[in-house]
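Chemist: Pasting my_file27.txt here (compact mmCIF, N, CA and C atoms):
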# COMPACT_ATOMS: atom_id res chain seq x y z
N GLY T 1 -1.02 22.21 18.41
CA GLY T 1 -0.93 22.95 17.18
C GLY T 1 -0.94 24.44 17.42
N ILE T 2 -0.67 25.18 16.38
CA ILE T 2 -0.66 26.64 16.45
C ILE T 2 -2.07 27.13 16.18
N THR T 3 -2.55 28.02 17.03
CA THR T 3 -3.89 28.57 16.85
C THR T 3 -3.79 30.08 16.68
N ASN T 4 -4.77 30.63 16.02
CA ASN T 4 -4.83 32.06 15.83
C ASN T 4 -5.38 32.68 17.12
N PRO T 5 -4.62 33.58 17.76
CA PRO T 5 -5.08 34.13 19.04
C PRO T 5 -6.36 34.95 18.92
N LYS T 6 -6.71 35.38 17.70
CA LYS T 6 -7.93 36.17 17.52
C LYS T 6 -9.18 35.31 17.49
N ILE T 7 -8.99 33.99 17.28
CA ILE T 7 -10.12 33.08 17.21
C ILE T 7 -10.23 32.33 18.52
N LYS T 8 -11.38 32.44 19.17
CA LYS T 8 -11.60 31.76 20.44
C LYS T 8 -12.30 30.43 20.18
N SER T 9 -11.70 29.36 20.65
CA SER T 9 -12.29 28.05 20.52
C SER T 9 -13.36 27.91 21.60
N ILE T 10 -14.56 27.59 21.17
CA ILE T 10 -15.65 27.39 22.13
C ILE T 10 -15.84 25.90 22.27
N GLY T 11 -15.46 25.39 23.42
CA GLY T 11 -15.55 23.96 23.67
C GLY T 11 -16.91 23.56 24.19
N MET T 12 -17.06 22.26 24.33
CA MET T 12 -18.32 21.72 24.79
C MET T 12 -18.67 22.25 26.19
N LYS T 13 -17.69 22.37 27.07
CA LYS T 13 -17.95 22.85 28.43
C LYS T 13 -18.57 24.25 28.41
N GLU T 14 -18.01 25.14 27.58
CA GLU T 14 -18.55 26.51 27.50
C GLU T 14 -19.98 26.50 26.97
N GLN T 15 -20.25 25.63 25.99
CA GLN T 15 -21.60 25.56 25.43
C GLN T 15 -22.59 25.05 26.48
N VAL T 16 -22.19 24.02 27.21
CA VAL T 16 -23.06 23.45 28.25
C VAL T 16 -23.31 24.48 29.35
N ASP T 17 -22.24 25.15 29.81
CA ASP T 17 -22.39 26.17 30.84
C ASP T 17 -23.34 27.28 30.39
N SER T 18 -23.25 27.68 29.14
CA SER T 18 -24.12 28.72 28.59
C SER T 18 -25.59 28.28 28.61
N ILE T 19 -25.83 27.05 28.25
CA ILE T 19 -27.21 26.53 28.24
C ILE T 19 -27.75 26.47 29.66
N ILE T 20 -26.93 26.03 30.60
CA ILE T 20 -27.38 25.94 32.00
C ILE T 20 -27.69 27.33 32.55
N VAL T 21 -26.79 28.30 32.31
CA VAL T 21 -26.98 29.67 32.80
C VAL T 21 -28.24 30.29 32.21
N GLN T 22 -28.46 30.05 30.92
CA GLN T 22 -29.61 30.65 30.25
C GLN T 22 -30.91 29.90 30.56
N GLY T 23 -30.78 28.72 31.15
CA GLY T 23 -31.99 27.93 31.42
C GLY T 23 -32.62 27.45 30.12
N SER T 24 -31.79 27.26 29.11
CA SER T 24 -32.28 26.87 27.79
C SER T 24 -32.83 25.45 27.78
N ASP T 25 -33.39 25.13 26.66
CA ASP T 25 -34.00 23.82 26.44
C ASP T 25 -32.96 22.70 26.60
N ILE T 26 -33.33 21.65 27.32
CA ILE T 26 -32.44 20.52 27.56
C ILE T 26 -32.10 19.79 26.26
N SER T 27 -32.94 19.91 25.24
CA SER T 27 -32.65 19.24 23.97
C SER T 27 -31.40 19.83 23.32
N LYS T 28 -31.15 21.14 23.54
CA LYS T 28 -29.92 21.74 23.03
C LYS T 28 -28.70 21.08 23.67
N LEU T 29 -28.80 20.87 24.98
CA LEU T 29 -27.72 20.23 25.71
C LEU T 29 -27.49 18.81 25.17
N ASN T 30 -28.55 18.09 24.96
CA ASN T 30 -28.45 16.74 24.43
C ASN T 30 -27.80 16.74 23.05
N ASN T 31 -28.20 17.70 22.21
CA ASN T 31 -27.62 17.79 20.86
C ASN T 31 -26.12 18.05 20.92
N ILE T 32 -25.69 18.91 21.83
CA ILE T 32 -24.26 19.21 21.99
C ILE T 32 -23.50 17.95 22.40
N ILE T 33 -24.07 17.21 23.33
CA ILE T 33 -23.43 15.98 23.80
C ILE T 33 -23.34 14.95 22.68
N VAL T 34 -24.43 14.76 21.96
CA VAL T 34 -24.46 13.79 20.86
C VAL T 34 -23.45 14.18 19.78
N THR T 35 -23.44 15.45 19.41
CA THR T 35 -22.50 15.92 18.39
C THR T 35 -21.06 15.76 18.86
N GLY T 36 -20.80 16.07 20.10
CA GLY T 36 -19.45 15.91 20.65
C GLY T 36 -18.99 14.46 20.63
N ARG T 37 -19.89 13.56 21.01
CA ARG T 37 -19.55 12.14 20.99
C ARG T 37 -19.29 11.65 19.56
N GLN T 38 -20.10 12.11 18.61
CA GLN T 38 -19.92 11.72 17.21
C GLN T 38 -18.58 12.21 16.68
N THR T 39 -18.23 13.42 17.04
CA THR T 39 -16.95 13.99 16.60
C THR T 39 -15.79 13.20 17.17
N LEU T 40 -15.84 12.90 18.47
CA LEU T 40 -14.78 12.10 19.10
C LEU T 40 -14.68 10.72 18.46
N LYS T 41 -15.80 10.09 18.18
CA LYS T 41 -15.80 8.77 17.55
C LYS T 41 -15.17 8.83 16.17
N ARG T 42 -15.48 9.88 15.41
CA ARG T 42 -14.90 10.05 14.07
C ARG T 42 -13.39 10.20 14.17
N PHE T 43 -12.93 11.02 15.12
CA PHE T 43 -11.49 11.19 15.33
C PHE T 43 -10.84 9.86 15.72
N GLN T 44 -11.48 9.11 16.61
CA GLN T 44 -10.93 7.82 17.04
C GLN T 44 -10.82 6.85 15.86
N ASN T 45 -11.83 6.84 15.00
CA ASN T 45 -11.80 5.96 13.83
C ASN T 45 -10.66 6.34 12.89
N GLU T 46 -10.47 7.64 12.66
CA GLU T 46 -9.38 8.09 11.79
C GLU T 46 -8.03 7.76 12.40
N ILE T 47 -7.88 7.94 13.70
CA ILE T 47 -6.62 7.60 14.39
C ILE T 47 -6.34 6.11 14.23
N HIS T 48 -7.35 5.29 14.40
CA HIS T 48 -7.20 3.84 14.26
C HIS T 48 -6.75 3.48 12.84
N LYS T 49 -7.41 4.04 11.83
CA LYS T 49 -7.05 3.77 10.42
C LYS T 49 -5.61 4.17 10.13
N LEU T 50 -5.22 5.34 10.60
CA LEU T 50 -3.86 5.82 10.35
C LEU T 50 -2.82 4.95 11.06
N ARG T 51 -3.11 4.54 12.27
CA ARG T 51 -2.17 3.67 13.01
C ARG T 51 -1.98 2.34 12.30
N ILE T 52 -3.04 1.78 11.76
CA ILE T 52 -2.95 0.51 11.03
C ILE T 52 -2.10 0.69 9.77
N ARG T 53 -2.28 1.79 9.07
CA ARG T 53 -1.50 2.06 7.86
C ARG T 53 -0.02 2.24 8.18
N ILE T 54 0.27 3.01 9.21
CA ILE T 54 1.67 3.24 9.61
C ILE T 54 2.31 1.92 10.03
N GLN T 55 1.60 1.15 10.82
CA GLN T 55 2.12 -0.15 11.27
C GLN T 55 2.38 -1.07 10.07
N ALA T 56 1.47 -1.07 9.10
CA ALA T 56 1.64 -1.91 7.91
C ALA T 56 2.91 -1.52 7.15
N MET T 57 3.15 -0.22 7.04
CA MET T 57 4.35 0.24 6.33
C MET T 57 5.62 -0.15 7.08
N VAL T 58 5.61 -0.02 8.39
CA VAL T 58 6.79 -0.33 9.19
C VAL T 58 7.09 -1.83 9.16
N GLU T 59 6.05 -2.66 9.16
CA GLU T 59 6.24 -4.10 9.27
C GLU T 59 6.21 -4.85 7.94
N CYS T 60 6.03 -4.18 6.82
CA CYS T 60 5.81 -4.87 5.55
C CYS T 60 7.06 -5.54 4.97
N CYS T 61 8.21 -5.09 5.36
CA CYS T 61 9.43 -5.61 4.76
C CYS T 61 10.38 -6.09 5.85
N PRO T 62 10.73 -7.39 5.85
CA PRO T 62 11.56 -7.94 6.93
C PRO T 62 13.05 -7.63 6.79
N TYR T 63 13.42 -6.91 5.74
CA TYR T 63 14.83 -6.59 5.52
C TYR T 63 14.92 -5.23 4.82
N GLU T 64 16.14 -4.71 4.73
CA GLU T 64 16.34 -3.42 4.06
C GLU T 64 16.22 -3.57 2.55
N ILE T 65 15.56 -2.60 1.93
CA ILE T 65 15.46 -2.55 0.47
C ILE T 65 16.16 -1.30 -0.03
N SER T 66 16.40 -1.26 -1.30
CA SER T 66 17.13 -0.15 -1.92
C SER T 66 16.32 1.15 -1.83
N SER T 67 17.04 2.25 -1.79
CA SER T 67 16.39 3.56 -1.76
C SER T 67 15.73 3.90 -3.10
N ASP T 68 15.89 3.03 -4.10
CA ASP T 68 15.15 3.20 -5.36
C ASP T 68 13.66 2.95 -5.12
N TRP T 69 13.35 2.29 -4.02
CA TRP T 69 11.98 1.90 -3.71
C TRP T 69 11.35 2.82 -2.67
N GLU T 70 10.06 2.94 -2.78
CA GLU T 70 9.27 3.66 -1.78
C GLU T 70 8.06 2.80 -1.44
N MET T 71 7.65 2.85 -0.18
CA MET T 71 6.46 2.11 0.25
C MET T 71 5.29 3.09 0.35
N ARG T 72 4.15 2.63 -0.09
CA ARG T 72 2.92 3.44 0.00
C ARG T 72 1.75 2.53 0.34
N ILE T 73 0.71 3.16 0.85
CA ILE T 73 -0.54 2.46 1.08
C ILE T 73 -1.40 2.64 -0.16
N ASP T 74 -1.89 1.54 -0.70
CA ASP T 74 -2.80 1.61 -1.84
C ASP T 74 -4.21 1.75 -1.28
N GLU T 75 -4.68 2.99 -1.21
CA GLU T 75 -5.97 3.26 -0.57
C GLU T 75 -7.13 2.55 -1.24
N ALA T 76 -7.00 2.25 -2.53
CA ALA T 76 -8.08 1.58 -3.25
C ALA T 76 -8.33 0.16 -2.73
N SER T 77 -7.27 -0.50 -2.23
CA SER T 77 -7.45 -1.89 -1.80
C SER T 77 -7.01 -2.17 -0.36
N PHE T 78 -6.47 -1.18 0.34
CA PHE T 78 -5.90 -1.45 1.66
C PHE T 78 -6.92 -1.98 2.66
N GLU T 79 -8.12 -1.43 2.68
CA GLU T 79 -9.13 -1.87 3.65
C GLU T 79 -9.41 -3.36 3.53
N SER T 80 -9.41 -3.88 2.32
CA SER T 80 -9.72 -5.30 2.13
C SER T 80 -8.48 -6.18 2.15
N SER T 81 -7.34 -5.65 1.70
CA SER T 81 -6.15 -6.50 1.57
C SER T 81 -5.10 -6.25 2.66
N GLY T 82 -4.99 -5.02 3.14
CA GLY T 82 -3.97 -4.68 4.12
C GLY T 82 -2.57 -4.67 3.54
N ARG T 83 -2.47 -4.71 2.22
CA ARG T 83 -1.15 -4.79 1.59
C ARG T 83 -0.56 -3.41 1.32
N VAL T 84 0.76 -3.41 1.33
CA VAL T 84 1.53 -2.20 1.04
C VAL T 84 2.01 -2.27 -0.41
N LEU T 85 1.98 -1.15 -1.07
CA LEU T 85 2.43 -1.04 -2.45
C LEU T 85 3.88 -0.56 -2.46
N PHE T 86 4.70 -1.19 -3.29
CA PHE T 86 6.09 -0.78 -3.44
C PHE T 86 6.24 -0.08 -4.79
N VAL T 87 6.85 1.09 -4.77
CA VAL T 87 7.06 1.89 -5.98
C VAL T 87 8.56 1.97 -6.25
N ASN T 88 8.96 1.58 -7.46
CA ASN T 88 10.37 1.69 -7.85
C ASN T 88 10.50 2.94 -8.70
N HIS T 89 11.16 3.94 -8.16
CA HIS T 89 11.31 5.21 -8.88
C HIS T 89 12.31 5.12 -10.02
N LYS T 90 13.23 4.18 -9.93
CA LYS T 90 14.24 4.02 -10.98
C LYS T 90 13.62 3.43 -12.25
N THR T 91 12.81 2.37 -12.08
CA THR T 91 12.19 1.70 -13.24
C THR T 91 10.76 2.18 -13.50
N LYS T 92 10.25 3.02 -12.62
CA LYS T 92 8.88 3.54 -12.72
C LYS T 92 7.85 2.41 -12.77
N THR T 93 8.01 1.46 -11.83
CA THR T 93 7.08 0.33 -11.73
C THR T 93 6.55 0.24 -10.30
N THR T 94 5.44 -0.48 -10.16
CA THR T 94 4.85 -0.73 -8.84
C THR T 94 4.58 -2.22 -8.69
N THR T 95 4.58 -2.68 -7.46
CA THR T 95 4.29 -4.08 -7.17
C THR T 95 3.84 -4.22 -5.72
N PHE T 96 3.12 -5.31 -5.46
CA PHE T 96 2.77 -5.65 -4.09
C PHE T 96 3.80 -6.62 -3.51
N ASP T 97 4.69 -7.14 -4.36
CA ASP T 97 5.72 -8.07 -3.92
C ASP T 97 6.86 -7.30 -3.26
N ILE T 98 7.40 -7.87 -2.19
CA ILE T 98 8.50 -7.22 -1.48
C ILE T 98 9.73 -7.20 -2.40
N PRO T 99 10.33 -6.03 -2.58
CA PRO T 99 11.51 -5.93 -3.44
C PRO T 99 12.70 -6.71 -2.85
N PRO T 100 13.72 -6.94 -3.67
CA PRO T 100 14.89 -7.67 -3.16
C PRO T 100 15.64 -6.89 -2.10
N LYS T 101 16.44 -7.62 -1.33
CA LYS T 101 17.27 -7.00 -0.29
C LYS T 101 18.29 -6.07 -0.93
N VAL T 102 18.76 -5.13 -0.11
CA VAL T 102 19.87 -4.28 -0.53
C VAL T 102 21.09 -5.18 -0.70
N ARG T 103 21.79 -5.03 -1.81
CA ARG T 103 22.99 -5.83 -2.04
C ARG T 103 24.11 -5.35 -1.12
N PRO T 104 24.86 -6.27 -0.56
CA PRO T 104 25.91 -5.90 0.39
C PRO T 104 27.15 -5.29 -0.26
N ASN T 105 27.11 -5.00 -1.55
CA ASN T 105 28.29 -4.49 -2.24
C ASN T 105 28.56 -3.01 -1.96
N GLY T 106 27.67 -2.36 -1.24
CA GLY T 106 27.87 -0.95 -0.90
C GLY T 106 27.48 0.01 -2.00
N LEU T 107 27.00 -0.50 -3.12
CA LEU T 107 26.60 0.38 -4.23
C LEU T 107 25.16 0.88 -4.07
N GLU T 108 24.38 0.22 -3.25
CA GLU T 108 22.99 0.61 -3.02
C GLU T 108 22.84 1.22 -1.64
N THR T 109 22.00 2.23 -1.57
CA THR T 109 21.68 2.86 -0.29
C THR T 109 20.34 2.30 0.19
N PRO T 110 20.26 1.86 1.44
CA PRO T 110 18.97 1.36 1.93
C PRO T 110 17.96 2.50 2.06
N CYS T 111 16.70 2.17 1.83
CA CYS T 111 15.65 3.19 1.99
C CYS T 111 15.45 3.46 3.48
N ILE T 112 15.03 4.67 3.78
CA ILE T 112 14.75 5.06 5.16
C ILE T 112 13.28 5.43 5.21
N ILE T 113 12.50 4.59 5.87
CA ILE T 113 11.05 4.77 5.88
C ILE T 113 10.65 6.13 6.45
N GLN T 114 11.38 6.63 7.44
CA GLN T 114 11.04 7.91 8.07
C GLN T 114 11.17 9.09 7.11
N LYS T 115 11.82 8.88 5.97
CA LYS T 115 11.98 9.95 4.99
C LYS T 115 11.03 9.81 3.79
N MET T 116 10.26 8.74 3.77
CA MET T 116 9.34 8.51 2.65
C MET T 116 8.16 9.46 2.76
N PRO T 117 7.84 10.17 1.67
CA PRO T 117 6.76 11.16 1.71
C PRO T 117 5.42 10.62 2.20
N HIS T 118 5.07 9.40 1.77
CA HIS T 118 3.76 8.86 2.19
C HIS T 118 3.75 8.56 3.68
N TYR T 119 4.84 8.03 4.20
CA TYR T 119 4.96 7.74 5.63
C TYR T 119 4.88 9.04 6.43
N VAL T 120 5.61 10.05 5.99
CA VAL T 120 5.59 11.36 6.66
C VAL T 120 4.18 11.94 6.64
N SER T 121 3.51 11.82 5.52
CA SER T 121 2.13 12.33 5.40
C SER T 121 1.19 11.62 6.37
N LEU T 122 1.32 10.30 6.48
CA LEU T 122 0.48 9.55 7.43
C LEU T 122 0.75 9.99 8.87
N LEU T 123 2.02 10.19 9.21
CA LEU T 123 2.36 10.64 10.57
C LEU T 123 1.80 12.03 10.86
N LYS T 124 1.87 12.92 9.88
CA LYS T 124 1.32 14.27 10.07
C LYS T 124 -0.19 14.21 10.26
N SER T 125 -0.86 13.38 9.48
CA SER T 125 -2.31 13.23 9.64
C SER T 125 -2.65 12.64 11.00
N LEU T 126 -1.89 11.64 11.42
CA LEU T 126 -2.11 11.03 12.73
C LEU T 126 -1.95 12.07 13.84
N THR T 127 -0.91 12.86 13.74
CA THR T 127 -0.66 13.91 14.74
C THR T 127 -1.82 14.90 14.78
N LYS T 128 -2.29 15.30 13.60
CA LYS T 128 -3.40 16.25 13.52
C LYS T 128 -4.66 15.69 14.20
N TYR T 129 -4.99 14.43 13.91
CA TYR T 129 -6.19 13.84 14.50
C TYR T 129 -6.05 13.62 16.01
N VAL T 130 -4.86 13.25 16.46
CA VAL T 130 -4.66 13.08 17.90
C VAL T 130 -4.81 14.43 18.61
N GLU T 131 -4.23 15.48 18.03
CA GLU T 131 -4.37 16.82 18.63
C GLU T 131 -5.82 17.27 18.63
N ARG T 132 -6.54 17.05 17.53
CA ARG T 132 -7.95 17.44 17.47
C ARG T 132 -8.77 16.66 18.48
N HIS T 133 -8.49 15.36 18.60
CA HIS T 133 -9.19 14.52 19.58
C HIS T 133 -8.93 15.02 20.98
N ASN T 134 -7.66 15.30 21.29
CA ASN T 134 -7.33 15.77 22.63
C ASN T 134 -7.95 17.12 22.94
N ASN T 135 -7.96 18.02 21.94
CA ASN T 135 -8.59 19.33 22.14
C ASN T 135 -10.09 19.19 22.37
N GLU T 136 -10.73 18.33 21.58
CA GLU T 136 -12.18 18.14 21.70
C GLU T 136 -12.54 17.47 23.02
N SER T 137 -11.75 16.49 23.45
CA SER T 137 -12.08 15.77 24.66
C SER T 137 -11.74 16.56 25.92
N SER T 138 -10.85 17.57 25.80
CA SER T 138 -10.49 18.36 26.99
C SER T 138 -11.38 19.59 27.15
N ASN T 139 -12.17 19.91 26.13
CA ASN T 139 -13.07 21.08 26.22
C ASN T 139 -14.33 20.75 26.96
Mind converting the file's structure to structure tokens?
Modeler:
Amino acid sequence: GITNPKIKSIGMKEQVDSIIVQGSDISKLNNIIVTGRQTLKRFQNEIHKLRIRIQAMVECCPYEISSDWEMRIDEASFESSGRVLFVNHKTKTTTFDIPPKVRPNGLETPCIIQKMPHYVSLLKSLTKYVERHNNESSN
């Protein structure tokens, strides 16, 4: 990611080195380690959740559907159901049922999952958490 050059990121290594040089209390060192591990675990959990959501969207429909439809994760029920919500922008309706196939008459355009706003948003969030995890684990 892009960082502001005026802001210096102080990683765990710098904090630990500072405590060792200063001869500070070992409990400070322990707190830094515990906090670092908790942060990494939180990032790992978020990465896992996002990967499951992205995979569900990619695998939810075994055939092409019309571009009138969009796939989204229903956050209210996804943890328990794992189901993807389908939104029809033409009729302004939603359903958990897989929409019909694109008709071969050439009048319908198939949807492209990579262009769906919710899919793009999930990928951006995944990228952000992976970068944060990598930055935290490399410090």
Chemist: Nearest to Lys49 in chain T among T:Val102, T:Ile73, T:Val34, T:Ile26, with distances taken over only C-alpha atoms: which residue is it?
Modeler: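 The closest residue to Lys49 in chain T is T:Ile73.
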Chemist: As a list in words, which residues of range 19-128 of chain T does DSSP assign to strand (DSSP E)?
Modeler: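 Written out, the strand (DSSP E) residues of range 19-128 of chain T are Trp69, Glu70, Met71, Arg72, Ile73, Val84, Leu85, Phe86, Val87, Asn88, Thr93, Thr94 and Thr95 of chain T.
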Chemist: One number please: CA of Phe43 in chain T to CA of Lys128 in chain T, in Å, one decimal.
Modeler: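 Atom-to-atom, CA of Phe43 in chain T to CA of Lys128 in chain T, that is 9.7 Å.
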Chemist: Could you name the residues that touch Lys101 in chain T at 10 Å or less, counting only C-alpha atoms, but leaving out those on the same chain fewer than 3 positions away, as a PyMOL selection string?
Modeler: chain T and resi 61-66+98+104+108+110
Chemist: I need the chosen residues saved as an mmCIF file, in the coordinates of the input, with N, CA and C atoms.
Modeler:
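What follows is the written file result.cif:
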data_model
loop_
_atom_site.group_PDB
_atom_site.id
_atom_site.type_symbol
_atom_site.label_atom_id
_atom_site.label_comp_id
_atom_site.auth_asym_id
_atom_site.auth_seq_id
_atom_site.Cartn_x
_atom_site.Cartn_y
_atom_site.Cartn_z
ATOM 1 N N CYS T 61 8.210 -5.090 5.360
ATOM 2 C CA CYS T 61 9.430 -5.610 4.760
ATOM 3 C C CYS T 61 10.380 -6.090 5.850
ATOM 4 N N PRO T 62 10.730 -7.390 5.850
ATOM 5 C CA PRO T 62 11.560 -7.940 6.930
ATOM 6 C C PRO T 62 13.050 -7.630 6.790
ATOM 7 N N TYR T 63 13.420 -6.910 5.740
ATOM 8 C CA TYR T 63 14.830 -6.590 5.520
ATOM 9 C C TYR T 63 14.920 -5.230 4.820
ATOM 10 N N GLU T 64 16.140 -4.710 4.730
ATOM 11 C CA GLU T 64 16.340 -3.420 4.060
ATOM 12 C C GLU T 64 16.220 -3.570 2.550
ATOM 13 N N ILE T 65 15.560 -2.600 1.930
ATOM 14 C CA ILE T 65 15.460 -2.550 0.470
ATOM 15 C C ILE T 65 16.160 -1.300 -0.030
ATOM 16 N N SER T 66 16.400 -1.260 -1.300
ATOM 17 C CA SER T 66 17.130 -0.150 -1.920
ATOM 18 C C SER T 66 16.320 1.150 -1.830
ATOM 19 N N ILE T 98 7.400 -7.870 -2.190
ATOM 20 C CA ILE T 98 8.500 -7.220 -1.480
ATOM 21 C C ILE T 98 9.730 -7.200 -2.400
ATOM 22 N N PRO T 104 24.860 -6.270 -0.560
ATOM 23 C CA PRO T 104 25.910 -5.900 0.390
ATOM 24 C C PRO T 104 27.150 -5.290 -0.260
ATOM 25 N N GLU T 108 24.380 0.220 -3.250
ATOM 26 C CA GLU T 108 22.990 0.610 -3.020
ATOM 27 C C GLU T 108 22.840 1.220 -1.640
ATOM 28 N N PRO T 110 20.260 1.860 1.440
ATOM 29 C CA PRO T 110 18.970 1.360 1.930
ATOM 30 C C PRO T 110 17.960 2.500 2.060
#
Chemist: Could you pull the residues within 10 Å of Glu46 in chain T, counting only C-alpha atoms, minus those fewer than 4 positions along the same chain, as a list in words?
Modeler: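 Result of the neighbour search: Leu40, Lys41, Arg42, Leu50, Arg51, Ile52, Ser125, Leu126, Tyr129 and Val130 of chain T.
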Chemist: Can you measure atom C of Ile113 in chain T to atom N of His48 in chain T for me? One decimal in Å is fine.
Modeler: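 These atoms are spaced 19.7 Å apart.
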Chemist: Determine the nearest neighbour of His133 in chain T from the options T:Glu59, T:Glu14, T:Pro100, T:Gln44, counting all atoms listed in the file.
Modeler: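 Answer, going by the shortest atom-to-atom distance: T:Gln44.
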Chemist: When you count only C-alpha atoms, which of these residues is closest to Asn88 in chain T: T:Gln114, T:Asn30, T:Ser67, T:Thr39?
Modeler: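 Residue with the minimum atom-to-atom distance to Asn88 in chain T: T:Ser67.
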